[in-house]
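Q: Here you go, one structure.
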Amino acid sequence: MVRRGAPPALLAAAGLVAAGAVLPVAYLAWVVLGDLPQWWDTVWSARAFELLLRSVGLAVAVTAATVAISLPISWLTVRTDLPGRGVWSVLCALPLVIPSYIGAYLLVSALGPRGELQGVLEGPLGIDRLPSLYGFWGAWLALTLFCFPYVLLPLQAVLRRMDPSLEEAARGMGRSGWAAYRSVVLPQLLPAVGAGALLVSLYVLSDFGAVSIMRFDSFTRVIYVQYQSSFDRVGAASLATLLVLVTLVILWLEGRSRRGGALHRSAPGSARPPRPVALGVWRWPALGFCALVVGLALALPIGMLALWTTRSISGDVAWASVLGAAGNSLLAAGLAAGVAVVCAVPVALLAARHRGRAPRTIEWGAYLGHALPGIVVALALVFFATRAVPALYQTLLMLVVALVILFLPQAIGAIRTAALQIDPRLEEAARSLGRSPTRAFASVTAPLLRGGAAAGGALVFLTAVKELPATLILSPIGFDTLAIEVWRTTSVGFYERGAVPSLLLLAVSAVPMAILVLRERSFT
Amino acid sequence: MSAISITGLHKAFGAARAVDGVDLSVAEGEICALLGPSGCGKTTMLRLLAGFEAPDAGTIAVGDRVVAGDGVVVPPEKRGIGMVFQDYALFPHLSVAENVGFGLERGGRSARVDELLDLVGLAGLGDRHPHALSGGQQQRVALARAIASTPSLVLLDEPFSGLDAALRASVRGEVRTILQRAGVTALFVTHDQEEALSLADTVAVMHAGRVEQVGTPEEVYGRPATRWVATFLGEADVLPGDVVDGHVDFELGRLPIDPGFRGAADVLVRPEAVALSLGSGGSGRRVEGRVVQREYFGHDQLVHVELPSGRRIRSRSLSHPVWHEGDRVHVTIDGPVNVFAGEGSP
Ligand SMILES: Nc1ncnc2c1ncn2[C@@H]1O[C@H](COP(=O)(O)OP(=O)(O)OP(=O)(O)O)[C@@H](O)[C@H]1O
Ligand SMILES: [Mg+2]
């Protein structure tokens, strides 16, 4: 049902959206590369090289750790008789809803120097110095704990769908359980591991909150510091382009590895529920492992948040500013969601209904912002606004545009799914009944897209409301959001004051997100 | 005046020439079937007529108005052509009444909708949604929607393919009645010859992007214009023959047919024109054959007979007498046959 030629109006609308998404970043590249010698000086320096090593090193370490955690947990929760495995797999998905900067702050306040743990140990044991949590290992711990579900969830999905007969056949041929897992199950999991690892490594490279709170000098933190010391914006931009290059290399590597070919179930429709593997006494260490992960990634941060909140509420909370920030968060994220949905509709329709080079290019352009770190997009917009459209600088519109560029693909994805379910004949039927193309769209396609648009808007809202770096850079002066409030207080150690805004942020973003995630899981 | 006149119509998708020089006209009030095998360009023809595709060359006129060609392409909404889509394309978010009334002006809409629902036998179901209807009911909604604003022409793409075999025969009759009562010209596409022959006033047989023959059902079946039409429409066996002096000579005798050429010929014989009998009787040359296979269908039977030359021919007759494998029978021609210039021995 794919028609060849896309209607020019649709092509133009979608093209405009894609161009808007690409323009700021293209402008940034143009400005920076315009002064090639200086760019080269910044990029080809020992400092830049060190930054590269740190960032890539962190990405590799976090990715490895998330895979190491997710492989056993996915198997335990899907294929074995682990007690309470349904509960464990829900608990293991939940850390995803804790923004990394909130998670990092709660970890630091618990395990860091002069943190709660030390307070507990100091009295009876006289330990007055814990190994410092700041730096590489702190960032590694925080990002690992709050990112591992990105790997775990696709692994569980593949394991659930995997044909158990292959594994049984391998065991029937005399392989031991472990050998069967390694030779039959693991190879089928690799594509999912790759997809999850890609998400995690891109996340780590673009993360700003956790590395800042853990005071680890990765690309994003250094770019931000340099940008703040505002005399060297071009230097910050040069580093940003280097970060973009690293991102593109990762995407390219992943694309290459995916060409290896797909692995399918041997016979369609043979999805019997596999018989769970009996763990025997091994269930105790298995339970211990799950409890450790959930304890660190979920119980500890939630407990700390509860602790700080009670302490904070018994003191005095600046309610006016917190509620003002909450209103601003809702406003910015709400606007971003609305604009993203409107922009996503033509791109999604084009992607769902038309093939060819122009539609593919447009889709790629609209997705570009998603692959880029928020700080890069924000910086690009600053450059674009200050040099090309000064009237835009320091306005709410700039922030909204940045959020739309960053999260547009989530709206596109949801609307595209809905559009794929609409028979293009419906619009033709409306045409043959006398409606012009626009009226046919308005009376038939638009109502049928409503569900997808609502879902897409909700997703954009939920991610936009907790976004940190772009919000930090682009918010107009005096326009504080919850994310800014959390960051401003906790990054300088006022843990108590960060508690209430964090809680509010989790309430508006995490609770609906958790419902979405759980609902999705119950479908699979 | 013709309801549709198509001249020299061409449409290609890349290298695929979906419609490759079609001339066709359909008289007003007529039901015309566009019949052809899969991929011959039927849907493309309908889409060109409805205005969803623009022709590469040629003109299409509806009534006396050119809707495509001569540099004009009238958009679908301005053509006033009703269309019934293959999978009906009912709007899932609208009720049956809203579907039917979709193309109507607001004033007087509900009276007309009631009238149409009555016409298609769905009175009282206007508040339902399409998913709560059976396939046959959905189809009648689609039909009512297409004829609601009294278009001069209705196009139907494989209108019965979504229905199961038992339903098809009864729905076919209903649709014909509805179309006739509405007094519209209808062009419908099908690859089912039985459907085309039983429902249409005129049948246009399409093959590889061209219309090979247009005529009444009796004409295209009984006097196929080309060998392809003859073998596509119904069963036929080919025997080699020879045309001399206004006669054709072949294994089953000499028949007074003058195809307008002399020399080697192929004689296409339909099974119902082949009679089998026991023993003697009848005039002309008597040919004796041997029954090699019999297929029994209840109301009739198809008997395969091996002729003295070793060639086989099929005979369709009522269920009696019952023939058995190995029976010796006399084979005579009892009905029309078609003669085409020979392509050499088969
Ligand atoms: N949009 C298109 N793009 C490319 N090729 C097309 C397109 N539409 C039709 N074709 C090609 O044109 C030819 C005719 O297609 P068409 O759909 O008209 O056939 P049809 O007679 O309706 O067949 P069927 O009975 O299978 O529906 C086919 O070879 C088809 O592959
Ligand atoms: Mg077709």
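For the structure tokens, the naming scheme is as follows: chains receive sequential letters (A, B, ...) according to their order of presentation, residues are indexed from 1 within each chain, and ligands are indexed from 1 in presentation order.
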Could you list, as a VMD selection string, the residues of chain B having an atom within 10 Å of chain A when counting only C-alpha atoms?

A: chain B and resid 13 47 50 to 52 75 to 94 99 to 104 142 145 to 149 151

Q: Using only C-alpha atoms and all ligand atoms, determine which residues fall within 8 Å of ligand 1, then list them as a ChimeraX atom specification.

A: /A:2-4 /B:12-14,16-19,36-45,158,189-191,209

Q: Give me the residues within 12 Å of Ala236 (chain B) as a list in words, counting only C-alpha atoms and dropping any in the same chain fewer than 6 places off.

A: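 Using only C-alpha atoms, the neighbours found are Tyr221, Gly222, Pro224, Arg227, Trp228, Val229, Ala230, Asp266, Val267, Leu268, Val269, Arg270, Pro271, Glu272, Ala273, Val274, Arg312, Ile313, Arg314, Ser315, Arg316, Pro336, Val337, Asn338 and Val339 of chain B.
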
Q: Measure the distance from CA of Ala9 (chain A) to CA of Arg353 (chain A) in Å and round it to one decimal.

A: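 Calculated distance between CA of Ala9 (chain A) and CA of Arg353 (chain A) is 14.1 Å.
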
Q: Let me make sure I understand: among A:Gln226, A:Val60, A:Leu202, A:Thr463, which one has the smallest atom-to-atom distance to Ile250 (chain A) if we use only C-alpha atoms?

A: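 With only C-alpha atoms as the atom set, the closest residue is A:Leu202.
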
Q: Find the residues around Thr309 (chain A) up to 6 Å (only C-alpha atoms counted), leave out those fewer than 3 positions away in its own chain, and share them as a PyMOL selection string.

A: chain A and resi 305-306+312-313+499-500

Q: If you run DSSP over the backbone, which residues in region 32-86 of chain B end up strand (DSSP E)? Put them as an MDAnalysis selection string.

A: chainID B and resid 32:35 57:62 65:69 72:73 81:84

Q: Output all heavy atoms of each residue in that selection to a file, as a short mmCIF file (atom, residue, chain, number, x, y, z; two decimals), in the first residue's frame.

A:
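This is the output file selection_27.cif:
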data_model
loop_
_atom_site.label_atom_id
_atom_site.label_comp_id
_atom_site.auth_asym_id
_atom_site.auth_seq_id
_atom_site.Cartn_x
_atom_site.Cartn_y
_atom_site.Cartn_z
N CYS B 32 -20.69 -2.73 -16.52
CA CYS B 32 -19.59 -3.26 -17.33
C CYS B 32 -18.58 -3.93 -16.41
O CYS B 32 -18.23 -3.38 -15.36
CB CYS B 32 -18.93 -2.13 -18.11
SG CYS B 32 -17.47 -2.65 -19.02
N ALA B 33 -18.12 -5.11 -16.79
CA ALA B 33 -17.10 -5.81 -16.01
C ALA B 33 -15.76 -5.68 -16.71
O ALA B 33 -15.67 -5.85 -17.93
CB ALA B 33 -17.45 -7.28 -15.87
N LEU B 34 -14.73 -5.34 -15.93
CA LEU B 34 -13.38 -5.33 -16.45
C LEU B 34 -12.74 -6.60 -15.92
O LEU B 34 -12.49 -6.74 -14.73
CB LEU B 34 -12.67 -4.09 -15.91
CG LEU B 34 -11.46 -3.54 -16.64
CD1 LEU B 34 -11.79 -3.30 -18.10
CD2 LEU B 34 -11.02 -2.24 -15.98
N LEU B 35 -12.54 -7.55 -16.81
CA LEU B 35 -12.14 -8.90 -16.39
C LEU B 35 -10.73 -9.19 -16.87
O LEU B 35 -10.41 -8.94 -18.04
CB LEU B 35 -13.13 -9.91 -16.98
CG LEU B 35 -12.80 -11.39 -16.81
CD1 LEU B 35 -12.88 -11.79 -15.36
CD2 LEU B 35 -13.75 -12.25 -17.66
N ALA B 57 -0.57 9.07 -21.06
CA ALA B 57 -1.09 9.52 -22.35
C ALA B 57 -2.52 9.05 -22.47
O ALA B 57 -2.94 8.15 -21.74
CB ALA B 57 -0.25 8.95 -23.50
N GLY B 58 -3.28 9.66 -23.39
CA GLY B 58 -4.66 9.25 -23.60
C GLY B 58 -5.62 10.16 -22.88
O GLY B 58 -5.23 11.02 -22.09
N THR B 59 -6.91 9.97 -23.19
CA THR B 59 -7.92 10.80 -22.55
C THR B 59 -9.00 9.94 -21.92
O THR B 59 -9.27 8.82 -22.36
CB THR B 59 -8.61 11.75 -23.55
OG1 THR B 59 -9.18 10.96 -24.58
CG2 THR B 59 -7.64 12.75 -24.14
N ILE B 60 -9.59 10.48 -20.87
CA ILE B 60 -10.72 9.84 -20.22
C ILE B 60 -11.84 10.88 -20.18
O ILE B 60 -11.62 12.00 -19.69
CB ILE B 60 -10.39 9.43 -18.78
CG1 ILE B 60 -9.19 8.48 -18.75
CG2 ILE B 60 -11.61 8.78 -18.12
CD1 ILE B 60 -8.71 8.18 -17.34
N ALA B 61 -13.01 10.52 -20.69
CA ALA B 61 -14.15 11.42 -20.57
C ALA B 61 -15.24 10.69 -19.80
O ALA B 61 -15.49 9.50 -20.01
CB ALA B 61 -14.66 11.83 -21.94
N VAL B 62 -15.86 11.42 -18.87
CA VAL B 62 -17.01 10.89 -18.14
C VAL B 62 -18.20 11.70 -18.60
O VAL B 62 -18.23 12.92 -18.41
CB VAL B 62 -16.80 10.99 -16.63
CG1 VAL B 62 -18.06 10.55 -15.89
CG2 VAL B 62 -15.63 10.14 -16.19
N ARG B 65 -17.62 15.17 -20.43
CA ARG B 65 -16.60 16.01 -19.80
C ARG B 65 -15.29 15.25 -19.75
O ARG B 65 -15.21 14.12 -19.25
CB ARG B 65 -17.08 16.33 -18.38
CG ARG B 65 -16.10 17.03 -17.50
CD ARG B 65 -16.87 17.63 -16.32
NE ARG B 65 -15.98 18.04 -15.27
CZ ARG B 65 -15.93 17.48 -14.07
NH1 ARG B 65 -16.73 16.47 -13.79
NH2 ARG B 65 -15.10 17.93 -13.14
N VAL B 66 -14.23 15.89 -20.30
CA VAL B 66 -12.91 15.27 -20.25
C VAL B 66 -12.35 15.45 -18.85
O VAL B 66 -12.22 16.57 -18.36
CB VAL B 66 -11.97 15.90 -21.28
CG1 VAL B 66 -10.55 15.35 -21.11
CG2 VAL B 66 -12.46 15.61 -22.69
N VAL B 67 -12.06 14.34 -18.14
CA VAL B 67 -11.54 14.46 -16.78
C VAL B 67 -10.04 14.23 -16.72
O VAL B 67 -9.39 14.57 -15.74
CB VAL B 67 -12.25 13.49 -15.80
CG1 VAL B 67 -13.70 13.88 -15.62
CG2 VAL B 67 -12.12 12.05 -16.25
N ALA B 68 -9.49 13.62 -17.77
CA ALA B 68 -8.04 13.45 -17.81
C ALA B 68 -7.60 13.42 -19.27
O ALA B 68 -8.25 12.80 -20.10
CB ALA B 68 -7.61 12.18 -17.11
N GLY B 69 -6.48 14.08 -19.54
CA GLY B 69 -5.98 14.14 -20.90
C GLY B 69 -6.05 15.55 -21.42
O GLY B 69 -6.66 16.42 -20.79
N VAL B 72 -5.38 18.27 -18.97
CA VAL B 72 -6.23 18.45 -17.78
C VAL B 72 -6.15 17.19 -16.92
O VAL B 72 -6.16 16.09 -17.46
CB VAL B 72 -7.73 18.59 -18.14
CG1 VAL B 72 -8.39 19.67 -17.36
CG2 VAL B 72 -7.95 18.67 -19.63
N VAL B 73 -6.06 17.37 -15.62
CA VAL B 73 -6.33 16.25 -14.73
C VAL B 73 -7.26 16.77 -13.64
O VAL B 73 -6.86 17.54 -12.79
CB VAL B 73 -5.03 15.68 -14.10
CG1 VAL B 73 -5.39 14.54 -13.16
CG2 VAL B 73 -4.09 15.18 -15.17
N ILE B 81 -17.51 10.78 -9.21
CA ILE B 81 -17.52 9.34 -9.46
C ILE B 81 -17.55 8.64 -8.12
O ILE B 81 -16.76 8.95 -7.23
CB ILE B 81 -16.25 8.92 -10.23
CG1 ILE B 81 -16.26 9.54 -11.62
CG2 ILE B 81 -16.15 7.41 -10.31
CD1 ILE B 81 -15.02 9.24 -12.43
N GLY B 82 -18.49 7.72 -7.94
CA GLY B 82 -18.53 6.95 -6.70
C GLY B 82 -17.58 5.78 -6.80
O GLY B 82 -17.34 5.25 -7.88
N MET B 83 -17.02 5.40 -5.66
CA MET B 83 -16.06 4.29 -5.71
C MET B 83 -16.30 3.34 -4.54
O MET B 83 -16.47 3.77 -3.40
CB MET B 83 -14.64 4.87 -5.65
CG MET B 83 -13.56 3.83 -5.61
SD MET B 83 -12.43 4.03 -7.02
CE MET B 83 -11.36 2.62 -6.79
N VAL B 84 -16.32 2.05 -4.86
CA VAL B 84 -16.38 1.03 -3.82
C VAL B 84 -15.03 0.34 -3.81
O VAL B 84 -14.63 -0.25 -4.81
CB VAL B 84 -17.50 0.00 -4.09
CG1 VAL B 84 -17.49 -1.09 -3.03
CG2 VAL B 84 -18.85 0.69 -4.13
#

Q: Counting only C-alpha atoms, figure out which residue out of B:Val184, B:Leu133, B:Val329, B:Val120 gets nearest to Val171 (chain B).

A: B:Val120

Q: Using only C-alpha atoms, which residues sit within 9 Å of region 83-98 of chain A once same-chain residues fewer than 2 positions away are excluded, as a PyMOL selection string?

A: chain A and resi 73-74+76-78+80-81+100-103+145-150+152-153+156+283+287+290-291+293-294+297-298+301+506+509-511+513-514+517-518+521

Q: Filtering to N, CA, C and O atoms, could you give me those residues as a compact mmCIF listing (two decimals), in the first residue's frame?

A:
# COMPACT_ATOMS: atom_id res chain seq x y z
N ILE A 73 20.32 -11.08 34.91
CA ILE A 73 18.97 -10.76 35.41
C ILE A 73 17.91 -11.12 34.38
O ILE A 73 16.85 -11.64 34.72
N SER A 74 18.20 -10.87 33.10
CA SER A 74 17.20 -11.20 32.08
C SER A 74 16.92 -12.71 32.10
O SER A 74 15.77 -13.14 32.03
N LEU A 76 17.48 -14.84 34.59
CA LEU A 76 16.84 -15.23 35.85
C LEU A 76 15.35 -14.89 35.85
O LEU A 76 14.53 -15.67 36.33
N THR A 77 15.01 -13.72 35.33
CA THR A 77 13.61 -13.29 35.44
C THR A 77 12.72 -13.89 34.36
O THR A 77 11.50 -13.88 34.49
N VAL A 78 13.31 -14.40 33.27
CA VAL A 78 12.47 -14.94 32.21
C VAL A 78 12.50 -16.47 32.17
O VAL A 78 11.48 -17.11 31.95
N THR A 80 13.94 -18.82 34.55
CA THR A 80 14.14 -19.69 35.71
C THR A 80 12.95 -19.60 36.67
O THR A 80 12.04 -18.82 36.46
N ASP A 81 13.02 -20.43 37.71
CA ASP A 81 11.95 -20.41 38.71
C ASP A 81 12.30 -19.49 39.88
O ASP A 81 11.92 -19.75 41.01
N SER A 100 19.14 10.94 35.78
CA SER A 100 20.49 10.61 36.27
C SER A 100 20.99 11.62 37.29
O SER A 100 21.68 11.25 38.23
N TYR A 101 20.62 12.90 37.14
CA TYR A 101 21.16 13.87 38.10
C TYR A 101 20.52 13.71 39.47
O TYR A 101 21.16 13.92 40.50
N ILE A 102 19.23 13.30 39.49
CA ILE A 102 18.59 13.06 40.80
C ILE A 102 19.19 11.81 41.42
O ILE A 102 19.53 11.78 42.61
N GLY A 103 19.34 10.76 40.60
CA GLY A 103 19.93 9.53 41.10
C GLY A 103 21.33 9.77 41.64
O GLY A 103 21.70 9.30 42.72
N LEU A 145 23.77 2.16 37.29
CA LEU A 145 22.56 1.81 38.03
C LEU A 145 21.30 2.34 37.36
O LEU A 145 20.26 1.70 37.39
N PHE A 146 21.40 3.54 36.74
CA PHE A 146 20.16 4.11 36.20
C PHE A 146 19.99 3.85 34.71
O PHE A 146 18.98 4.22 34.12
N CYS A 147 20.97 3.21 34.07
CA CYS A 147 20.86 2.91 32.63
C CYS A 147 20.67 1.44 32.32
O CYS A 147 20.30 1.10 31.19
N PHE A 148 20.97 0.54 33.29
CA PHE A 148 21.00 -0.87 32.87
C PHE A 148 19.66 -1.37 32.32
O PHE A 148 19.64 -2.27 31.47
N PRO A 149 18.50 -0.77 32.72
CA PRO A 149 17.25 -1.26 32.11
C PRO A 149 17.21 -1.09 30.59
O PRO A 149 16.51 -1.84 29.91
N TYR A 150 17.97 -0.13 30.05
CA TYR A 150 18.01 0.01 28.59
C TYR A 150 18.48 -1.27 27.92
O TYR A 150 18.12 -1.57 26.79
N LEU A 152 18.48 -4.34 29.74
CA LEU A 152 17.68 -5.43 30.29
C LEU A 152 16.36 -5.62 29.54
O LEU A 152 15.98 -6.74 29.19
N LEU A 153 15.66 -4.50 29.27
CA LEU A 153 14.31 -4.63 28.70
C LEU A 153 14.33 -5.32 27.33
O LEU A 153 13.57 -6.27 27.12
N GLN A 156 15.06 -9.07 27.82
CA GLN A 156 13.91 -9.84 28.31
C GLN A 156 12.90 -10.08 27.18
O GLN A 156 12.36 -11.17 27.04
N ARG A 283 19.25 -20.51 43.91
CA ARG A 283 18.33 -19.39 43.96
C ARG A 283 18.72 -18.38 45.04
O ARG A 283 18.37 -17.22 44.94
N LEU A 287 18.90 -14.56 44.20
CA LEU A 287 18.08 -13.57 44.89
C LEU A 287 18.95 -12.45 45.45
O LEU A 287 18.60 -11.27 45.38
N CYS A 290 19.93 -10.01 42.66
CA CYS A 290 18.81 -9.13 42.28
C CYS A 290 18.56 -8.10 43.38
O CYS A 290 18.34 -6.92 43.11
N ALA A 291 18.63 -8.56 44.62
CA ALA A 291 18.36 -7.64 45.72
C ALA A 291 19.42 -6.55 45.78
O ALA A 291 19.12 -5.37 46.02
N VAL A 293 21.18 -5.30 43.25
CA VAL A 293 20.97 -4.36 42.15
C VAL A 293 19.77 -3.46 42.44
O VAL A 293 19.85 -2.23 42.34
N VAL A 294 18.66 -4.09 42.82
CA VAL A 294 17.46 -3.28 43.08
C VAL A 294 17.68 -2.38 44.28
O VAL A 294 17.25 -1.22 44.30
N ALA A 297 19.92 0.52 42.99
CA ALA A 297 19.37 1.34 41.91
C ALA A 297 18.01 1.92 42.25
O ALA A 297 17.59 2.89 41.64
N LEU A 298 17.32 1.32 43.22
CA LEU A 298 15.96 1.77 43.48
C LEU A 298 15.72 2.09 44.96
O LEU A 298 15.35 3.21 45.30
N PRO A 301 18.12 5.10 46.45
CA PRO A 301 17.73 6.46 46.08
C PRO A 301 16.35 6.85 46.61
O PRO A 301 16.18 7.97 47.10
N LEU A 506 9.77 13.73 40.02
CA LEU A 506 9.47 12.31 39.86
C LEU A 506 7.96 12.11 39.74
O LEU A 506 7.50 11.27 38.98
N SER A 509 6.95 13.21 36.17
CA SER A 509 7.52 12.48 35.04
C SER A 509 7.54 10.99 35.26
O SER A 509 7.15 10.21 34.41
N ALA A 510 7.95 10.58 36.47
CA ALA A 510 8.21 9.16 36.66
C ALA A 510 6.94 8.34 36.81
O ALA A 510 6.85 7.24 36.28
N VAL A 511 5.97 8.88 37.50
CA VAL A 511 4.79 8.07 37.77
C VAL A 511 4.06 7.71 36.46
O VAL A 511 3.82 6.53 36.19
N MET A 513 5.34 7.73 33.53
CA MET A 513 6.27 6.91 32.75
C MET A 513 6.25 5.47 33.23
O MET A 513 6.22 4.54 32.43
N ALA A 514 6.23 5.29 34.54
CA ALA A 514 6.19 3.94 35.09
C ALA A 514 4.93 3.23 34.62
O ALA A 514 4.97 2.06 34.23
N VAL A 517 5.44 2.20 31.01
CA VAL A 517 6.36 1.07 30.89
C VAL A 517 5.66 -0.22 31.31
O VAL A 517 5.73 -1.24 30.61
N LEU A 518 4.96 -0.16 32.43
CA LEU A 518 4.33 -1.37 32.92
C LEU A 518 3.22 -1.83 31.99
O LEU A 518 3.05 -3.02 31.74
N ARG A 521 4.74 -3.54 29.10
CA ARG A 521 5.22 -4.86 29.46
C ARG A 521 4.09 -5.86 29.52
O ARG A 521 4.23 -7.00 29.13

Q: Could you tell me how far CA of Leu278 (chain B) lies from CA of Asp242 (chain B), in Å and to one decimal?

A: 27.9 Å

Q: Going by DSSP on the backbone, which residues of region 36-103 of chain B come out as helix (DSSP H, G or I)? List them as a short mmCIF file (atom, residue, chain, number, x, y, z; two decimals) with C-alpha atoms, in the first residue's frame.

A:
data_model
loop_
_atom_site.label_atom_id
_atom_site.label_comp_id
_atom_site.auth_asym_id
_atom_site.auth_seq_id
_atom_site.Cartn_x
_atom_site.Cartn_y
_atom_site.Cartn_z
CA LYS B 42 -7.46 -3.52 -13.73
CA THR B 43 -6.93 -1.61 -10.51
CA THR B 44 -4.77 0.90 -12.32
CA MET B 45 -7.60 1.49 -14.79
CA LEU B 46 -10.03 2.19 -11.97
CA ARG B 47 -7.58 4.49 -10.22
CA LEU B 48 -7.03 6.41 -13.44
CA LEU B 49 -10.77 6.78 -13.85
CA ALA B 50 -11.30 7.85 -10.25
CA PRO B 76 -10.97 12.99 -7.66
CA GLU B 77 -13.26 15.19 -5.56
CA LYS B 78 -14.37 17.10 -8.65
CA VAL B 96 -22.87 3.58 9.34
CA ALA B 97 -25.17 6.58 8.82
CA GLU B 98 -22.24 9.00 8.98
CA ASN B 99 -20.35 6.87 6.49
CA VAL B 100 -23.24 6.84 4.07
#

Q: Contacts of Pro240 (chain B) at 12 Å or less, counting only C-alpha atoms, minus same-chain residues fewer than 5 places along, as an MDAnalysis selection string?

A: chainID B and resid 248:253 263:269 309 311 338:346

Q: If we count only C-alpha atoms, what is near Trp308 (chain A) at a cut-off of 12 Å, once residues fewer than 5 positions away on the same chain are taken out, given as an MDAnalysis selection string?

A: chainID A and resid 105:106 109:110 115:116 301:303 313:315 317 490 494:503
